[in-house]
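Structure file data.txt with compact mmCIF, C-alpha atoms and all ligand atoms:
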# COMPACT_ATOMS: atom_id res chain seq x y z
CA MET A 178 4.10 49.20 -109.08
CA ILE A 179 3.47 45.62 -108.06
CA ASN A 180 0.07 44.32 -109.12
CA ASP A 181 -2.37 43.84 -106.29
CA ILE A 182 -1.58 40.91 -104.05
CA ARG A 183 -4.21 38.16 -104.24
CA TYR A 184 -4.86 36.79 -100.75
CA SER A 185 -6.73 33.52 -100.21
CA ALA A 186 -9.99 33.88 -98.25
CA GLU A 187 -8.49 32.45 -95.05
CA VAL A 188 -5.36 34.60 -95.27
CA ALA A 189 -7.45 37.74 -95.85
CA ILE A 190 -9.43 37.00 -92.67
CA ALA A 191 -6.29 36.24 -90.66
CA ARG A 192 -4.75 39.53 -91.79
CA GLN A 193 -7.88 41.46 -90.88
CA ASP A 194 -7.95 39.90 -87.40
CA SER A 195 -4.13 40.10 -86.98
CA ARG A 196 -3.96 36.34 -86.48
CA PRO A 197 -0.69 34.38 -86.90
CA ILE A 198 0.15 33.34 -90.47
CA VAL A 199 2.81 30.93 -91.74
CA ALA A 200 4.14 31.28 -95.31
CA LEU A 201 4.82 28.11 -97.33
CA GLU A 202 6.85 27.84 -100.53
CA SER A 203 5.67 26.36 -103.82
CA THR A 204 8.89 25.24 -105.57
CA ILE A 205 8.85 22.21 -103.28
CA ILE A 206 5.49 21.40 -104.94
CA THR A 207 6.48 21.94 -108.60
CA HIS A 208 10.19 21.09 -108.56
CA GLY A 209 10.77 19.25 -105.28
CA MET A 210 8.35 16.32 -105.26
CA PRO A 211 6.50 14.21 -107.85
CA TYR A 212 2.71 14.31 -108.35
CA PRO A 213 0.53 13.29 -106.51
CA GLN A 214 2.66 13.25 -103.33
CA ASN A 215 3.48 16.93 -103.91
CA LEU A 216 -0.19 17.93 -103.70
CA GLU A 217 -0.99 15.60 -100.80
CA THR A 218 2.00 17.00 -98.89
CA ALA A 219 1.10 20.61 -99.63
CA GLN A 220 -2.44 20.03 -98.36
CA ALA A 221 -1.27 18.10 -95.30
CA VAL A 222 1.29 20.78 -94.42
CA GLU A 223 -1.37 23.50 -94.64
CA GLN A 224 -3.51 21.46 -92.24
CA VAL A 225 -0.62 21.07 -89.79
CA VAL A 226 -0.32 24.88 -89.71
CA ARG A 227 -4.07 25.23 -89.05
CA ASP A 228 -3.93 22.58 -86.31
CA GLY A 229 -1.13 24.63 -84.75
CA GLY A 230 -3.37 27.68 -84.49
CA ALA A 231 -2.02 29.64 -87.47
CA THR A 232 -3.16 30.24 -91.04
CA PRO A 233 -1.19 28.76 -93.96
CA ALA A 234 -0.21 31.03 -96.87
CA THR A 235 1.28 29.08 -99.77
CA ILE A 236 2.94 31.62 -102.06
CA ALA A 237 3.18 31.50 -105.88
CA VAL A 238 2.95 33.71 -108.96
CA ILE A 239 -0.12 32.89 -111.09
CA LYS A 240 -0.45 34.67 -114.41
CA GLY A 241 1.58 37.60 -113.17
CA MET A 242 -0.31 37.96 -109.89
CA LEU A 243 1.38 37.42 -106.52
CA HIS A 244 -0.77 34.93 -104.60
CA VAL A 245 -0.38 34.83 -100.83
CA GLY A 246 -2.41 31.78 -99.91
CA LEU A 247 -3.71 29.52 -102.68
CA ASP A 248 -7.29 28.26 -102.83
CA ALA A 249 -7.70 24.49 -103.22
CA PRO A 250 -8.27 24.42 -107.02
CA THR A 251 -5.28 26.69 -107.71
CA LEU A 252 -3.02 24.57 -105.49
CA ALA A 253 -4.18 21.41 -107.31
CA GLU A 254 -3.59 23.04 -110.70
CA LEU A 255 -0.08 24.20 -109.77
CA ALA A 256 0.83 20.72 -108.51
CA GLN A 257 0.09 19.31 -111.99
CA MET A 258 1.77 22.02 -114.04
CA PRO A 259 5.07 20.73 -115.46
CA ALA A 260 5.62 24.05 -117.23
CA ALA A 261 5.51 26.13 -114.04
CA LEU A 262 8.66 28.24 -113.73
CA LYS A 263 11.03 28.07 -110.78
CA LEU A 264 11.13 31.64 -109.54
CA SER A 265 13.89 32.92 -107.30
CA ARG A 266 14.72 36.56 -106.48
CA ALA A 267 16.12 37.08 -109.99
CA ASP A 268 13.06 35.72 -111.82
CA MET A 269 10.12 36.82 -109.71
CA PRO A 270 9.77 40.45 -110.90
CA PHE A 271 10.05 39.33 -114.55
CA ALA A 272 7.23 36.82 -114.01
CA LEU A 273 5.06 39.39 -112.18
CA ALA A 274 5.63 42.02 -114.85
CA ASN A 275 4.92 39.71 -117.77
CA GLY A 276 1.92 37.63 -116.72
CA LEU A 277 3.86 34.40 -116.17
CA THR A 278 3.12 31.53 -113.78
CA GLY A 279 5.68 29.98 -111.48
CA ALA A 280 6.48 28.57 -108.08
CA THR A 281 8.54 30.51 -105.57
CA THR A 282 11.80 29.24 -104.04
CA VAL A 283 12.76 29.99 -100.45
CA ALA A 284 14.24 33.34 -101.55
CA ALA A 285 11.18 34.39 -103.57
CA THR A 286 8.76 33.11 -100.92
CA MET A 287 10.54 35.27 -98.33
CA ILE A 288 10.04 38.27 -100.62
CA GLY A 289 6.35 37.37 -101.08
CA ALA A 290 5.93 36.86 -97.34
CA ARG A 291 7.44 40.28 -96.59
CA LEU A 292 5.14 41.96 -99.12
CA GLY A 293 2.19 40.17 -97.50
CA GLY A 294 3.23 41.15 -93.96
CA ILE A 295 4.18 37.59 -92.90
CA CYS A 296 7.32 36.94 -90.86
CA VAL A 297 7.42 33.16 -90.36
CA PHE A 298 7.91 30.59 -93.10
CA ALA A 299 8.17 26.78 -93.11
CA THR A 300 9.90 24.64 -95.72
CA GLY A 301 11.86 21.39 -96.06
CA GLY A 302 15.30 22.30 -97.23
CA ILE A 303 16.88 25.60 -98.25
CA GLY A 304 19.40 26.12 -101.03
CA GLY A 305 23.01 26.63 -99.97
CA VAL A 306 26.62 26.54 -101.07
CA HIS A 307 26.98 23.56 -103.39
CA ARG A 308 29.83 21.08 -103.20
CA GLY A 309 32.47 22.26 -105.68
CA ALA A 310 31.30 25.89 -105.38
CA GLU A 311 34.97 26.97 -105.44
CA THR A 312 34.90 26.17 -109.18
CA SER A 313 31.17 26.30 -110.07
CA PHE A 314 30.33 29.44 -107.98
CA ASP A 315 26.98 27.73 -107.25
CA ILE A 316 25.61 29.49 -104.17
CA SER A 317 21.84 29.66 -103.73
CA ALA A 318 20.13 33.05 -103.67
CA ASP A 319 18.31 31.72 -100.58
CA LEU A 320 21.37 32.54 -98.44
CA LEU A 321 21.55 36.16 -99.57
CA GLU A 322 17.81 36.54 -99.07
CA LEU A 323 18.20 35.39 -95.47
CA ALA A 324 20.76 38.17 -95.10
CA GLN A 325 18.37 40.91 -96.20
CA THR A 326 14.71 39.96 -95.74
CA PRO A 327 13.27 39.82 -92.22
CA VAL A 328 11.57 36.42 -92.24
CA THR A 329 12.25 33.52 -89.87
CA VAL A 330 12.62 30.37 -91.98
CA VAL A 331 12.16 26.91 -90.47
CA ALA A 332 14.00 24.15 -92.39
CA ALA A 333 15.48 20.76 -91.52
CA GLY A 334 19.07 21.92 -91.69
CA ALA A 335 21.31 21.74 -94.74
CA LYS A 336 21.03 18.86 -97.13
CA ALA A 337 24.06 16.69 -97.81
CA ILE A 338 23.91 17.58 -101.53
CA LEU A 339 25.34 20.88 -100.27
CA ASP A 340 28.66 21.75 -98.70
CA ILE A 341 27.49 22.19 -95.12
CA PRO A 342 30.63 23.82 -93.66
CA LYS A 343 30.77 26.34 -96.52
CA THR A 344 27.06 27.05 -96.16
CA LEU A 345 27.57 27.77 -92.44
CA GLU A 346 30.58 30.01 -93.13
CA PHE A 347 28.63 31.96 -95.73
CA LEU A 348 25.67 32.48 -93.37
CA GLU A 349 28.01 33.59 -90.61
CA THR A 350 29.67 36.14 -92.89
CA GLN A 351 26.26 37.44 -93.93
CA GLY A 352 25.14 37.77 -90.31
CA VAL A 353 22.37 35.17 -90.52
CA PRO A 354 21.66 33.38 -87.24
CA VAL A 355 21.47 29.59 -87.63
CA ILE A 356 19.49 28.23 -84.70
CA ALA A 357 19.23 24.49 -84.06
CA MET A 358 16.14 23.38 -82.17
CA GLY A 359 16.80 21.52 -78.94
CA GLN A 360 20.31 20.26 -79.75
CA ASP A 361 23.82 21.61 -80.11
CA THR A 362 24.61 20.00 -83.49
CA LEU A 363 23.26 21.10 -86.84
CA PRO A 364 20.60 18.74 -88.18
CA ALA A 365 21.41 17.51 -91.72
CA PHE A 366 18.02 17.13 -93.39
CA TRP A 367 17.73 13.31 -93.67
CA SER A 368 19.68 12.89 -90.42
CA SER A 369 18.65 14.54 -87.18
CA THR A 370 22.26 15.28 -86.26
CA SER A 371 25.60 15.92 -87.93
CA ASP A 372 29.24 16.48 -86.95
CA HIS A 373 28.78 20.23 -87.27
CA PRO A 374 28.25 22.25 -84.08
CA ALA A 375 25.19 24.49 -84.33
CA PRO A 376 26.03 28.21 -84.11
CA LEU A 377 23.04 28.75 -81.79
CA THR A 378 20.59 26.50 -79.96
CA ALA A 379 17.01 27.30 -78.96
CA LYS A 380 15.06 25.35 -76.37
CA ASN A 381 11.65 26.33 -77.69
CA ALA A 382 9.64 28.41 -80.18
CA ASP A 383 9.43 31.29 -77.75
CA GLN A 384 13.20 31.87 -77.80
CA VAL A 385 13.14 32.02 -81.60
CA ALA A 386 10.21 34.46 -81.58
CA LYS A 387 11.97 36.71 -79.04
CA ALA A 388 15.13 36.76 -81.13
CA HIS A 389 13.08 37.70 -84.22
CA LEU A 390 11.58 40.65 -82.33
CA MET A 391 15.00 41.68 -81.03
CA ARG A 392 16.39 41.87 -84.58
CA GLU A 393 13.41 44.03 -85.52
CA ALA A 394 13.91 46.29 -82.50
CA MET A 395 17.58 46.69 -83.39
CA GLY A 396 16.71 47.58 -86.98
CA LEU A 397 18.77 44.71 -88.38
CA PRO A 398 17.86 43.59 -91.87
CA GLY A 399 17.64 39.88 -92.65
CA GLY A 400 15.98 36.85 -91.18
CA GLN A 401 16.80 33.79 -89.13
CA LEU A 402 17.38 30.20 -90.19
CA VAL A 403 15.87 27.70 -87.76
CA ALA A 404 17.24 24.17 -88.19
CA ASN A 405 14.66 21.69 -86.93
CA PRO A 406 15.80 18.05 -86.72
CA ILE A 407 13.84 15.40 -88.62
CA PRO A 408 11.92 13.15 -86.16
CA LYS A 409 14.21 10.18 -85.31
CA GLU A 410 11.76 7.57 -86.59
CA HIS A 411 11.91 9.07 -90.09
CA GLU A 412 15.70 9.46 -90.39
CA ILE A 413 17.60 7.88 -93.29
CA PRO A 414 20.96 6.50 -92.11
CA GLN A 415 23.96 8.31 -93.54
CA HIS A 416 25.52 5.13 -94.98
CA VAL A 417 22.34 4.66 -97.05
CA ILE A 418 21.99 8.20 -98.37
CA ASP A 419 25.68 9.10 -98.92
CA PRO A 420 26.40 6.84 -101.92
CA ILE A 421 23.12 7.90 -103.52
CA ILE A 422 24.00 11.57 -103.18
CA ALA A 423 27.44 10.85 -104.66
CA GLN A 424 25.83 9.13 -107.65
CA ALA A 425 23.30 11.95 -108.22
CA LEU A 426 26.09 14.55 -108.03
CA SER A 427 28.28 12.74 -110.54
CA GLU A 428 25.34 12.28 -112.94
CA ALA A 429 24.60 16.00 -112.72
CA GLU A 430 28.18 16.77 -113.63
CA GLU A 431 28.31 14.23 -116.49
CA GLN A 432 25.10 15.65 -117.94
CA GLY A 433 26.28 19.24 -117.63
CA ILE A 434 23.37 20.32 -115.41
CA ILE A 435 23.89 23.95 -114.34
CA GLY A 436 22.13 26.97 -112.85
CA LYS A 437 18.68 26.61 -111.38
CA ALA A 438 18.26 23.12 -112.83
CA VAL A 439 20.85 21.67 -110.42
CA THR A 440 18.76 21.37 -107.24
CA PRO A 441 15.61 19.96 -108.92
CA PHE A 442 17.77 17.44 -110.83
CA LEU A 443 19.48 16.21 -107.66
CA LEU A 444 16.22 15.97 -105.70
CA ALA A 445 14.49 13.98 -108.47
CA ARG A 446 17.42 11.56 -108.85
CA ILE A 447 17.64 10.99 -105.10
CA PHE A 448 13.91 10.22 -104.97
CA GLU A 449 14.34 7.67 -107.80
CA LEU A 450 17.48 6.10 -106.38
CA THR A 451 15.99 5.61 -102.90
CA ASP A 452 12.76 4.12 -104.32
CA GLY A 453 10.81 6.90 -102.69
CA ALA A 454 12.31 6.52 -99.19
CA SER A 455 13.78 10.02 -99.43
CA LEU A 456 10.30 11.32 -100.26
CA THR A 457 8.73 9.74 -97.17
CA ALA A 458 11.40 11.34 -95.00
CA ASN A 459 11.02 14.65 -96.79
CA ILE A 460 7.25 14.70 -96.16
CA ALA A 461 7.74 13.90 -92.46
CA LEU A 462 10.27 16.68 -91.94
CA VAL A 463 8.22 19.33 -93.76
CA ARG A 464 5.23 18.55 -91.56
CA ASN A 465 7.46 18.75 -88.49
CA ASN A 466 8.77 22.15 -89.66
CA ALA A 467 5.23 23.43 -90.26
CA ARG A 468 4.31 22.49 -86.70
CA LEU A 469 7.26 24.46 -85.27
CA ALA A 470 6.66 27.43 -87.58
CA ALA A 471 3.06 27.64 -86.39
CA GLU A 472 4.30 27.68 -82.77
CA ILE A 473 6.75 30.48 -83.57
CA ALA A 474 4.04 32.47 -85.39
CA VAL A 475 1.66 32.04 -82.44
CA ALA A 476 4.42 33.16 -80.04
CA LEU A 477 4.97 36.30 -82.15
CA TYR A 478 1.37 37.54 -82.04
N1 LIG B 501 16.00 21.75 -101.11
C1 LIG B 501 15.10 20.79 -100.85
N2 LIG B 501 13.88 20.84 -101.42
C2 LIG B 501 13.52 21.87 -102.27
C3 LIG B 501 14.48 22.90 -102.53
C4 LIG B 501 15.69 22.81 -101.94
O1 LIG B 501 15.39 19.86 -100.10
O2 LIG B 501 12.39 21.88 -102.78
C5 LIG B 501 14.08 24.05 -103.40
C6 LIG B 501 13.64 25.26 -102.55
O3 LIG B 501 12.59 25.94 -103.21
C7 LIG B 501 14.88 26.11 -102.52
C8 LIG B 501 15.40 25.89 -103.91
O4 LIG B 501 14.63 27.48 -102.28
O5 LIG B 501 15.19 24.51 -104.17
C9 LIG B 501 16.86 26.25 -104.04
O6 LIG B 501 17.22 26.24 -105.39
P1 LIG B 501 18.66 26.79 -105.81
O7 LIG B 501 19.62 25.83 -105.20
O8 LIG B 501 18.63 26.74 -107.31
O9 LIG B 501 18.76 28.19 -105.27
MN MN B 502 22.29 27.25 -107.68

Represent the structure of the file as structure tokens.
Ligand code: PSU
Ligand code: MN
Amino acid sequence: MINDIRYSAEVAIARQDSRPIVALESTIITHGMPYPQNLETAQAVEQVVRDGGATPATIAVIKGMLHVGLDAPTLAELAQMPAALKLSRADMPFALANGLTGATTVAATMIGARLGGICVFATGGIGGVHRGAETSFDISADLLELAQTPVTVVAAGAKAILDIPKTLEFLETQGVPVIAMGQDTLPAFWSSTSDHPAPLTAKNADQVAKAHLMREAMGLPGGQLVANPIPKEHEIPQHVIDPIIAQALSEAEEQGIIGKAVTPFLLARIFELTDGASLTANIALVRNNARLAAEIAVALY
């Protein structure tokens, strides 16, 4: 049996009153951004959700307990914990069963959200099919989670460290709807648009919420991926980011980085190589995603 879920005070109240809740991941805090921007961003994103009329639930595993919603001291502690584990679907039960502490990826946060009765989740970027996956087999567990766990995930599209066409093909095969917000091209994380046509387009949060309910009514497993473009004023031009991504990728290969270390390595190198510009953009798009996720959550209740 899973240990009791530890809800934060505000999430417990929201559950009691059946108010809208938005799940937030914690790997972005421990493995996606440096301190102190990671903590400032996590706090700011929670506030964006509250301002949007929903309750934020940052999910993590603390000493073997599933936390759905973190109180302020626990969030601050996690943000300064270099030893925190990165927990995906494969690692989460081991951590829960053995009293370990770690942050949850998109896949593990979806699992935590489902256990806590939450169906909307905001993040920055999801994992995907990596470039060179035809030899490395590196495909994120996030994609398979989207195929089986009924949570609507708002992200800023696929990052250019990934192979975007392969990621789209994989999601299509797995029956995961990829819904671009307000445009017919797929946003590409640092850029608001890309050359890739979006499989589906939604005009507003209400259409996404209705589609979520339709999947439920049809008894379909799996969630939805909502691709929300970064606000134009925060975009990083492709000619700036592309050579940096290429450098980070070749360093990862030279250094033999594999498995779950790949994504954190690439993110950290890109932050360093852009002198923090990638971090500023990242913060802006996560906030923007939290705003949309709150709207979707409100539309669902
Ligand atoms: N992409 C980002 N920022 C992140 C991640 C991905 O732009 O913080 C994190 C998320 O937690 C995501 C995880 O679920 O990395 C994917 O890791 P992997 O590729 O090892 O599945
Ligand atoms: Mn991987």

Legend entry - Between atom CA of A:Ile316 and atom CA of A:Ile413 - distance in Å to one decimal: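 Between these atoms lies a distance of 25.5 Å.
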
Inset, instruction - Give the answer as one residue: which of A:Cys296, A:Val199, A:Ala274, A:Ala318 has the shortest atom-to-atom distance to ligand LIG 501 (chain B), using all atoms listed in the file? - result: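 Nearest candidate to ligand LIG 501 (chain B) out of A:Cys296, A:Val199, A:Ala274, A:Ala318: A:Ala318.
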
Inset, instruction - May I ask for the distance between atom CA of A:Val355 and atom CA of A:Leu402, given in Å to one decimal place? - result: 4.9 Å

Inset, instruction - Name all residues at most 10 Å from A:Leu292 (count only C-alpha atoms; drop same-chain ones fewer than 3 positions away) and give them as a PyMOL selection string. - result: chain A and resi 179+182+243+245+286-289+295-296

File of the preceding selection, C-alpha atoms, as a compact mmCIF listing (two decimals), keeping the file's coordinate frame:
# COMPACT_ATOMS: atom_id res chain seq x y z
CA ILE A 179 3.47 45.62 -108.06
CA ILE A 182 -1.58 40.91 -104.05
CA LEU A 243 1.38 37.42 -106.52
CA VAL A 245 -0.38 34.83 -100.83
CA THR A 286 8.76 33.11 -100.92
CA MET A 287 10.54 35.27 -98.33
CA ILE A 288 10.04 38.27 -100.62
CA GLY A 289 6.35 37.37 -101.08
CA ILE A 295 4.18 37.59 -92.90
CA CYS A 296 7.32 36.94 -90.86

Could I get the residues of chain A with an atom no further than 6 Å from an atom of ligand LIG 501 (chain B), each paired with its nearest atom pair and that distance in Å to one decimal, using all atoms listed in the file, sorted by chain and residue number, as a Markdown table?
| residue | atom | partner | partner_atom | distance |
| --- | --- | --- | --- | --- |
| A:Thr204 | CA | B:LIG501 | O3 | 4.4 |
| A:Ile205 | CA | B:LIG501 | O2 | 3.6 |
| A:Gly209 | CA | B:LIG501 | O2 | 4.0 |
| A:Thr282 | CA | B:LIG501 | O3 | 3.5 |
| A:Val283 | CA | B:LIG501 | O4 | 3.6 |
| A:Ala284 | CA | B:LIG501 | O4 | 5.9 |
| A:Gly301 | CA | B:LIG501 | O1 | 5.6 |
| A:Gly302 | CA | B:LIG501 | O1 | 3.8 |
| A:Ile303 | CA | B:LIG501 | C7 | 4.7 |
| A:Gly304 | CA | B:LIG501 | C9 | 3.9 |
| A:Ser317 | CA | B:LIG501 | O9 | 3.7 |
| A:Ala318 | CA | B:LIG501 | O9 | 5.3 |
| A:Asp319 | CA | B:LIG501 | O4 | 5.9 |
| A:Lys437 | CA | B:LIG501 | O8 | 4.1 |
| A:Thr440 | CA | B:LIG501 | O7 | 5.0 |

Legend entry - Closest of A:Leu339, A:Ile356, A:Val226, A:Leu390 to ligand MN 502 (chain B) - atom-to-atom distances counting all atoms listed in the file: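 Checking each of A:Leu339, A:Ile356, A:Val226, A:Leu390 against ligand MN 502 (chain B), counting all atoms listed in the file, the winner is A:Leu339.
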
Legend entry - For ligand MN 502 (chain B), the nearest of the candidates A:Thr281, A:Thr235, A:Ser313, A:Asn381, counting all atoms listed in the file: A:Ser313

Inset, instruction - In Å, rounded to a single decimal, give me how far atom CA of A:Ala189 is from atom CA of A:Ser265. - result: 24.7 Å

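Distances here use all atoms listed in the file; by that measure, the residue among A:Asp315, A:Asp452, A:Asp181, A:Asp419 closest to ligand MN 502 (chain B) is A:Asp315.
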
Inset, instruction - Select, from A:Pro354, A:His373, A:Val330, A:Gly246, the residue with the minimum atom-to-atom distance to A:Pro342, counting only C-alpha atoms. - result: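 Among A:Pro354, A:His373, A:Val330, A:Gly246, it is A:His373 that comes nearest to A:Pro342.
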
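Compared by their closest atoms to A:Gln224, and using all atoms listed in the file, the residues A:Leu477, A:Leu255, A:Val297, A:Ala471 rank with A:Ala471 nearest.
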
Legend entry - A:Gly276 surroundings by all atoms listed in the file, 12 Å radius, close-in-sequence under 6 positions cut, as a list of chain:residue names: A:Ile179, A:Asn180, A:Val238, A:Ile239, A:Lys240, A:Gly241, A:Met242, A:Leu243, A:Leu262, A:Met269, A:Pro270

Inset, instruction - List the neighbours of A:Ala357 out to 6 Å using all atoms listed in the file; skip same-chain residues closer than 4 positions along the sequence, and give me the result as a list in words. - result: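 Listed by chain and then number, they are Leu363, Ala375, Thr378, Val403 and Ala404 of chain A.
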
Box in all listed atoms of stretch 380-399 of chain A, axis-aligned, with 4 Å more on each side; write out centre and edge lengths in Å to one decimal as AutoDock Vina command-line options.
--center_x 14.1 --center_y 36.5 --center_z -84.5 --size_x 17.3 --size_y 30.2 --size_z 24.3

Legend entry - Exercise: stretch 407-411 of chain A partners within 8 Å, all atoms listed in the file, chain neighbours under 5 positions left out, as a ChimeraX atom specification: /A:333,364,366-369,457-458,461-462,465

Export of the given selection (C-alpha atoms) as a JSON list (two decimals), keeping the file's coordinate frame:
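Wrote it out as again_30.json, contents follow:
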[["chain", "number", "residue", "atom", "x", "y", "z"],
["A", 333, "ALA", "CA", 15.48, 20.76, -91.52],
["A", 364, "PRO", "CA", 20.60, 18.74, -88.18],
["A", 366, "PHE", "CA", 18.02, 17.13, -93.39],
["A", 367, "TRP", "CA", 17.73, 13.31, -93.67],
["A", 368, "SER", "CA", 19.68, 12.89, -90.42],
["A", 369, "SER", "CA", 18.65, 14.54, -87.18],
["A", 457, "THR", "CA", 8.73, 9.74, -97.17],
["A", 458, "ALA", "CA", 11.40, 11.34, -95.00],
["A", 461, "ALA", "CA", 7.74, 13.90, -92.46],
["A", 462, "LEU", "CA", 10.27, 16.68, -91.94],
["A", 465, "ASN", "CA", 7.46, 18.75, -88.49]]

A:Ala445: which residues within 9 Å, counting all atoms listed in the file, same-chain residues fewer than 3 positions away excluded, as an mmCIF file with C-alpha atoms, in the frame of the given file?
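Printed below is around_23.cif as written:
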data_model
loop_
_atom_site.group_PDB
_atom_site.id
_atom_site.type_symbol
_atom_site.label_atom_id
_atom_site.label_comp_id
_atom_site.auth_asym_id
_atom_site.auth_seq_id
_atom_site.Cartn_x
_atom_site.Cartn_y
_atom_site.Cartn_z
ATOM 1 C CA HIS A 208 10.190 21.090 -108.560
ATOM 2 C CA GLY A 209 10.770 19.250 -105.280
ATOM 3 C CA MET A 210 8.350 16.320 -105.260
ATOM 4 C CA PRO A 211 6.500 14.210 -107.850
ATOM 5 C CA THR A 440 18.760 21.370 -107.240
ATOM 6 C CA PRO A 441 15.610 19.960 -108.920
ATOM 7 C CA PHE A 442 17.770 17.440 -110.830
ATOM 8 C CA PHE A 448 13.910 10.220 -104.970
ATOM 9 C CA GLU A 449 14.340 7.670 -107.800
ATOM 10 C CA LEU A 450 17.480 6.100 -106.380
#

Inset, instruction - May I have the residues at most 8 Å from (24.3, 21.4, -78.5) in the file's coordinates, counting only C-alpha atoms, as a list in words? - result: Gly359, Gln360, Asp361, Thr362, Pro374, Ala375 and Thr378 of chain A
